[in-house]
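Shown below: query29.json, with JSON, C-alpha atoms.
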```
[["chain", "number", "residue", "atom", "x", "y", "z"],
["I", 82, "MET", "CA", -86.60, 44.97, 166.82],
["I", 83, "LYS", "CA", -84.30, 42.30, 165.36],
["I", 84, "SER", "CA", -86.62, 41.61, 162.43],
["I", 85, "GLY", "CA", -86.64, 45.36, 161.54],
["I", 86, "PHE", "CA", -82.86, 45.40, 161.53],
["I", 87, "ALA", "CA", -82.70, 42.22, 159.47],
["I", 88, "THR", "CA", -85.17, 43.71, 156.96],
["I", 89, "ARG", "CA", -83.05, 46.87, 156.61],
["I", 90, "VAL", "CA", -79.89, 44.80, 156.10],
["I", 91, "LYS", "CA", -81.68, 42.65, 153.53],
["I", 92, "TRP", "CA", -82.85, 45.72, 151.58],
["I", 93, "ALA", "CA", -79.43, 47.33, 151.84],
["I", 94, "LEU", "CA", -77.86, 44.20, 150.35],
["I", 95, "ILE", "CA", -80.48, 44.10, 147.58],
["I", 96, "LEU", "CA", -79.83, 47.78, 146.84],
["I", 97, "CYS", "CA", -76.06, 47.22, 146.76],
["I", 98, "ALA", "CA", -76.49, 44.23, 144.43],
["I", 99, "ALA", "CA", -78.77, 46.28, 142.15],
["I", 100, "MET", "CA", -76.27, 49.15, 142.08],
["I", 101, "LEU", "CA", -73.44, 46.74, 141.25],
["I", 102, "LEU", "CA", -75.49, 45.16, 138.47],
["I", 103, "CYS", "CA", -76.32, 48.62, 137.06],
["I", 104, "ALA", "CA", -72.64, 49.59, 137.13],
["I", 105, "LEU", "CA", -71.65, 46.40, 135.32],
["I", 106, "LEU", "CA", -74.37, 46.88, 132.69],
["I", 107, "TYR", "CA", -73.40, 50.52, 132.22],
["I", 108, "GLY", "CA", -69.74, 49.57, 131.81],
["I", 109, "ALA", "CA", -70.59, 46.90, 129.24],
["I", 110, "ALA", "CA", -72.92, 49.22, 127.32],
["I", 111, "SER", "CA", -70.35, 52.00, 127.41],
["I", 112, "ARG", "CA", -67.65, 49.69, 126.07],
["I", 113, "ILE", "CA", -69.96, 48.50, 123.25],
["I", 114, "TYR", "CA", -70.78, 52.10, 122.35],
["I", 115, "TYR", "CA", -67.13, 53.16, 122.28],
["I", 116, "LYS", "CA", -66.07, 50.15, 120.20],
["I", 117, "LYS", "CA", -68.76, 51.03, 117.65],
["I", 118, "ALA", "CA", -67.82, 54.73, 117.70],
["I", 119, "TYR", "CA", -64.08, 53.94, 117.50],
["I", 120, "PRO", "CA", -63.91, 50.93, 115.19],
["I", 121, "LEU", "CA", -60.89, 49.06, 113.88],
["I", 122, "THR", "CA", -61.95, 49.48, 110.26],
["I", 123, "TYR", "CA", -58.90, 49.30, 107.94],
["I", 124, "LEU", "CA", -56.60, 48.31, 110.82],
["I", 125, "GLU", "CA", -55.33, 45.41, 108.68],
["I", 126, "HIS", "CA", -53.95, 47.93, 106.14],
["I", 127, "VAL", "CA", -52.34, 49.96, 108.91],
["I", 128, "LEU", "CA", -50.68, 46.88, 110.41],
["I", 129, "GLU", "CA", -49.41, 45.54, 107.10],
["I", 130, "GLN", "CA", -47.90, 48.88, 106.08],
["I", 131, "ASN", "CA", -46.53, 50.24, 109.34],
["I", 132, "ASP", "CA", -42.79, 49.84, 108.88],
["I", 133, "TYR", "CA", -42.22, 53.05, 110.83],
["I", 134, "GLU", "CA", -41.07, 52.30, 114.37],
["I", 135, "ILE", "CA", -41.96, 55.80, 115.51],
["I", 136, "LEU", "CA", -45.54, 55.76, 114.21],
["I", 137, "PRO", "CA", -48.10, 54.39, 116.71],
["I", 138, "ASN", "CA", -50.97, 52.48, 115.12],
["I", 139, "ALA", "CA", -53.39, 54.25, 117.47],
["I", 140, "LEU", "CA", -52.25, 57.60, 116.03],
["I", 141, "VAL", "CA", -52.91, 56.42, 112.47],
["I", 142, "MET", "CA", -56.37, 55.12, 113.43],
["I", 143, "ALA", "CA", -57.11, 58.44, 115.17],
["I", 144, "VAL", "CA", -56.11, 60.41, 112.07],
["I", 145, "ILE", "CA", -58.29, 58.21, 109.83],
["I", 146, "ARG", "CA", -61.29, 58.58, 112.14],
["I", 147, "THR", "CA", -60.81, 62.34, 112.47],
["I", 148, "GLU", "CA", -60.08, 63.01, 108.81],
["I", 149, "SER", "CA", -62.72, 60.89, 107.07],
["I", 150, "GLY", "CA", -64.79, 58.96, 109.60],
["I", 151, "PHE", "CA", -63.57, 55.81, 107.76],
["I", 152, "ASN", "CA", -65.15, 56.89, 104.45],
["I", 153, "PRO", "CA", -62.65, 55.90, 101.71],
["I", 154, "LEU", "CA", -64.47, 58.13, 99.20],
["I", 155, "ALA", "CA", -64.34, 61.26, 101.36],
["I", 156, "GLN", "CA", -63.28, 64.42, 99.55],
["I", 157, "SER", "CA", -62.90, 67.85, 101.12],
["I", 158, "SER", "CA", -63.66, 71.23, 99.59],
["I", 159, "VAL", "CA", -59.93, 71.70, 98.93],
["I", 160, "GLY", "CA", -59.67, 68.34, 97.17],
["I", 161, "ALA", "CA", -58.15, 66.25, 99.96],
["I", 162, "ARG", "CA", -59.04, 62.64, 99.25],
["I", 163, "GLY", "CA", -59.69, 59.35, 100.94],
["I", 164, "LEU", "CA", -59.34, 57.99, 104.42],
["I", 165, "MET", "CA", -56.43, 60.19, 105.47],
["I", 166, "GLN", "CA", -57.51, 63.22, 103.40],
["I", 167, "ILE", "CA", -54.42, 63.83, 101.27],
["I", 168, "THR", "CA", -54.30, 66.82, 98.93],
["I", 169, "GLU", "CA", -52.92, 66.54, 95.41],
["I", 170, "ASP", "CA", -49.84, 68.66, 96.18],
["I", 171, "THR", "CA", -49.06, 66.61, 99.28],
["I", 172, "PHE", "CA", -49.56, 63.38, 97.34],
["I", 173, "HIS", "CA", -47.08, 64.47, 94.64],
["I", 174, "TRP", "CA", -44.58, 65.62, 97.29],
["I", 175, "ALA", "CA", -44.82, 62.26, 99.09],
["I", 176, "LYS", "CA", -44.65, 60.33, 95.82],
["I", 177, "TRP", "CA", -41.47, 62.19, 94.83],
["I", 178, "LYS", "CA", -39.92, 61.95, 98.30],
["I", 179, "ARG", "CA", -40.44, 58.19, 98.63],
["I", 180, "SER", "CA", -39.64, 57.43, 94.97],
["I", 181, "ALA", "CA", -43.02, 55.76, 94.59],
["I", 182, "PRO", "CA", -44.01, 53.88, 91.44],
["I", 183, "PRO", "CA", -44.87, 56.23, 88.56],
["I", 184, "ALA", "CA", -48.13, 54.33, 88.12],
["I", 185, "ASP", "CA", -49.48, 55.70, 91.43],
["I", 186, "SER", "CA", -51.92, 58.51, 90.69],
["I", 187, "TYR", "CA", -53.95, 61.03, 92.64],
["I", 188, "GLU", "CA", -57.06, 59.01, 91.68],
["I", 189, "ASP", "CA", -55.62, 56.04, 93.59],
["I", 190, "LEU", "CA", -56.09, 57.91, 96.88],
["I", 191, "PHE", "CA", -59.68, 56.61, 97.00],
["I", 192, "ASP", "CA", -58.22, 53.11, 97.42],
["I", 193, "PRO", "CA", -57.87, 52.49, 101.19],
["I", 194, "ARG", "CA", -54.56, 50.62, 100.95],
["I", 195, "THR", "CA", -52.94, 53.30, 98.77],
["I", 196, "ASN", "CA", -54.31, 56.18, 100.83],
["I", 197, "ILE", "CA", -53.16, 54.67, 104.11],
["I", 198, "SER", "CA", -49.73, 53.93, 102.64],
["I", 199, "TYR", "CA", -49.21, 57.56, 101.59],
["I", 200, "GLY", "CA", -50.86, 58.98, 104.72],
["I", 201, "MET", "CA", -48.65, 56.90, 106.99],
["I", 202, "TYR", "CA", -45.56, 57.90, 105.04],
["I", 203, "ILE", "CA", -46.46, 61.59, 105.34],
["I", 204, "LEU", "CA", -47.26, 61.30, 109.06],
["I", 205, "ALA", "CA", -44.07, 59.31, 109.79],
["I", 206, "THR", "CA", -42.01, 61.86, 107.85],
["I", 207, "HIS", "CA", -43.45, 64.71, 109.93],
["I", 208, "LEU", "CA", -42.94, 62.76, 113.13],
["I", 209, "SER", "CA", -39.29, 62.07, 112.22],
["I", 210, "GLU", "CA", -38.71, 65.70, 111.34],
["I", 211, "TYR", "CA", -40.39, 67.32, 114.34],
["I", 212, "GLY", "CA", -40.11, 64.65, 117.02],
["I", 213, "SER", "CA", -43.53, 65.15, 118.59],
["I", 214, "HIS", "CA", -47.07, 64.05, 117.87],
["I", 215, "GLU", "CA", -48.31, 67.62, 118.27],
["I", 216, "LEU", "CA", -45.97, 69.10, 115.67],
["I", 217, "ALA", "CA", -46.41, 66.15, 113.29],
["I", 218, "LEU", "CA", -50.19, 66.65, 113.46],
["I", 219, "CYS", "CA", -49.81, 70.40, 112.96],
["I", 220, "ALA", "CA", -47.75, 69.72, 109.83],
["I", 221, "TYR", "CA", -50.23, 67.09, 108.62],
["I", 222, "HIS", "CA", -53.10, 69.57, 109.01],
["I", 223, "ALA", "CA", -51.57, 72.97, 108.21],
["I", 224, "GLY", "CA", -48.45, 71.99, 106.26],
["I", 225, "ARG", "CA", -44.74, 71.89, 107.02],
["I", 226, "GLY", "CA", -44.27, 75.48, 105.87],
["I", 227, "SER", "CA", -46.72, 76.74, 108.48],
["I", 228, "VAL", "CA", -45.09, 74.73, 111.26],
["I", 229, "ASN", "CA", -41.61, 75.94, 110.28],
["I", 230, "ARG", "CA", -42.84, 79.58, 110.31],
["I", 231, "TRP", "CA", -44.47, 79.09, 113.74],
["I", 232, "LEU", "CA", -41.32, 77.54, 115.19],
["I", 233, "ALA", "CA", -39.26, 80.49, 113.90],
["I", 234, "ASP", "CA", -41.69, 83.04, 115.41],
["I", 235, "ALA", "CA", -41.09, 83.98, 119.07],
["I", 236, "ARG", "CA", -44.83, 84.58, 119.53],
["I", 237, "TYR", "CA", -45.46, 80.85, 119.10],
["I", 238, "SER", "CA", -42.18, 79.15, 120.04],
["I", 239, "GLN", "CA", -39.57, 80.14, 122.58],
["I", 240, "ASP", "CA", -36.97, 77.58, 121.52],
["I", 241, "GLY", "CA", -37.69, 76.81, 117.86],
["I", 242, "ILE", "CA", -38.36, 73.20, 118.83],
["I", 243, "ALA", "CA", -41.82, 73.24, 120.48],
["I", 244, "LEU", "CA", -44.86, 75.46, 120.17],
["I", 245, "THR", "CA", -46.22, 77.44, 123.10],
["I", 246, "SER", "CA", -49.44, 77.95, 121.13],
["I", 247, "ILE", "CA", -50.88, 76.97, 117.76],
["I", 248, "PRO", "CA", -51.81, 80.13, 115.84],
["I", 249, "PHE", "CA", -54.49, 78.51, 113.65],
["I", 250, "ASP", "CA", -57.57, 77.70, 115.76],
["I", 251, "ASP", "CA", -58.75, 74.98, 113.40],
["I", 252, "THR", "CA", -55.32, 73.30, 113.56],
["I", 253, "GLY", "CA", -55.35, 73.54, 117.36],
["I", 254, "ARG", "CA", -58.79, 71.90, 117.47],
["I", 255, "TYR", "CA", -57.64, 69.24, 115.01],
["I", 256, "VAL", "CA", -54.56, 68.36, 117.05],
["I", 257, "ALA", "CA", -56.59, 68.17, 120.27],
["I", 258, "LYS", "CA", -59.22, 65.97, 118.63],
["I", 259, "VAL", "CA", -56.70, 63.54, 117.14],
["I", 260, "LYS", "CA", -54.78, 63.28, 120.42],
["I", 261, "HIS", "CA", -58.02, 62.63, 122.35],
["I", 262, "THR", "CA", -59.11, 60.05, 119.79],
["I", 263, "MET", "CA", -55.70, 58.36, 120.01],
["I", 264, "GLU", "CA", -56.07, 58.12, 123.80],
["I", 265, "ILE", "CA", -59.47, 56.46, 123.39],
["I", 266, "TYR", "CA", -58.04, 53.94, 120.90],
["I", 267, "GLU", "CA", -55.23, 53.12, 123.32],
["I", 268, "LYS", "CA", -57.68, 52.66, 126.22],
["I", 269, "LEU", "CA", -60.00, 50.46, 124.18],
["I", 270, "TYR", "CA", -57.47, 48.37, 122.29],
["I", 271, "GLY", "CA", -54.06, 48.82, 123.88],
["I", 272, "GLY", "CA", -51.17, 49.09, 121.41],
["I", 273, "LEU", "CA", -53.27, 47.90, 118.43],
["I", 274, "GLU", "CA", -50.63, 45.37, 117.49]]
```
Give the structure from the file, written as structure tokens.
Amino acid sequence: MKSGFATRVKWALILCAAMLLCALLYGAASRIYYKKAYPLTYLEHVLEQNDYEILPNALVMAVIRTESGFNPLAQSSVGARGLMQITEDTFHWAKWKRSAPPADSYEDLFDPRTNISYGMYILATHLSEYGSHELALCAYHAGRGSVNRWLADARYSQDGIALTSIPFDDTGRYVAKVKHTMEIYEKLYGGLE
């Protein structure tokens, strides 16, 4: 009777050890997968150019991943270019607003450092203006004019400061995706400092 009990205890301990080992291996494999799927590519450019206290590095990395998948030569059907997918009109607006060097051109947006510099400026400007990640991302995706119209429309904003809903489905999906990606970056890498 005692040997049967001892055998059951032994097998229970072996099973527990095997389950613990599987959990540890799964956790390690999961972490490796996520670090490959959410890399720190171009983080050095983000860190060297982030002079904006309000702009989290994880947000910038999330925008880059969502916009271009880290492809510096990405170009959309509407002509948005580079890592942070900046359109020509937005580039010229940002260049004028920040009094950038006249030598900077729309072609330069395929250069990671230049693209990130302009993208971060645009994102920080929206964040300063609207005061929330959600509205800054809406403006980055759909434009400031759209966000200002939504905030002035009682169907989408009750106070003119925050949105109750995002009228463009693709912008709503974009905002949700960037925010989720930002959360993953924060979980994997902390503050990315």
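Of the residues under consideration (I:Ser246, I:Ser198, I:Ser238, I:Thr147), I:Ser198 shows the shortest atom-to-atom contact distance to His126 (chain I) when counting all atoms listed in the file.
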For a test of reading the model, state the distance in Å between CA of Trp177 (chain I) and CA of Ser213 (chain I), rounded to one decimal.
24.0 Å
Name all residues at most 12 Å from Asp170 (chain I) (count only C-alpha atoms; drop same-chain ones fewer than 6 positions away) and give them as a PyMOL selection string.
chain I and resi 159-162+176-177+186-187+224
Between CA of Gly150 (chain I) and CA of Gly226 (chain I), what is the distance in Å, rounded to a tenth?
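If I compute the distance from CA of Gly150 (chain I) to CA of Gly226 (chain I), I get 26.6 Å.
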For a cut-off of 6 Å around (-52.6, 51.7, 117.3), file coordinates, pick out all residues using all atoms listed in the file and list them as a PyMOL selection string.
chain I and resi 137-139+272-273
Report, in Å with one decimal, the straight-line distance from CA of Gln156 (chain I) to CA of Lys116 (chain I).
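The value is 25.3 Å.
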Counting all atoms listed in the file, the residue of I:Leu269, I:Leu140, I:Leu216, I:Pro153 that sits nearest Tyr114 (chain I):
I:Leu269
Selection near Thr195 (chain I), 12 Å with only C-alpha atoms, sequence-local residues under 5 positions removed, as a PyMOL selection string:
chain I and resi 123+126-127+129-130+153+162-167+172+176+181-182+184-190+200-202
Could you give me, as a count of residues only, the residues within 12 Å of Ala223 (chain I), counting all atoms listed in the file and dropping anything in the same chain fewer than 5 positions from it?
22
Let me make sure I understand: among I:Ala118, I:Ile135, I:Ala87, I:Ala205, which one has the smallest atom-to-atom distance to Ala220 (chain I) if we use only C-alpha atoms?
I:Ala205
Tell me which of I:Phe191, I:Trp174, I:Phe151, I:Tyr133 sits closest to Ser209 (chain I), counting only C-alpha atoms.
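Using only C-alpha atoms, Ser209 (chain I) sits closest to I:Tyr133.
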Using only C-alpha atoms for the distances, tell me which of I:Glu267, I:Ala235, I:Gly85, I:Ala175 is nearest to Leu121 (chain I).
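Ranked by minimum distance to Leu121 (chain I), first place goes to I:Glu267.
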Would you mind telling me which residue in I:Lys178, I:Arg146, I:Arg225, I:Lys91 lies nearest to Lys117 (chain I) when using all atoms listed in the file?
I:Arg146
Any chance you could work out the axis-aligned box around region 263-270 of chain I, listed atoms only, 6 Å on each side, giving centre and edge lengths in Å to one decimal, as JSON?
```
{"center_x": -57.6, "center_y": 53.4, "center_z": 123.1, "size_x": 16.8, "size_y": 22.0, "size_z": 18.2}
```
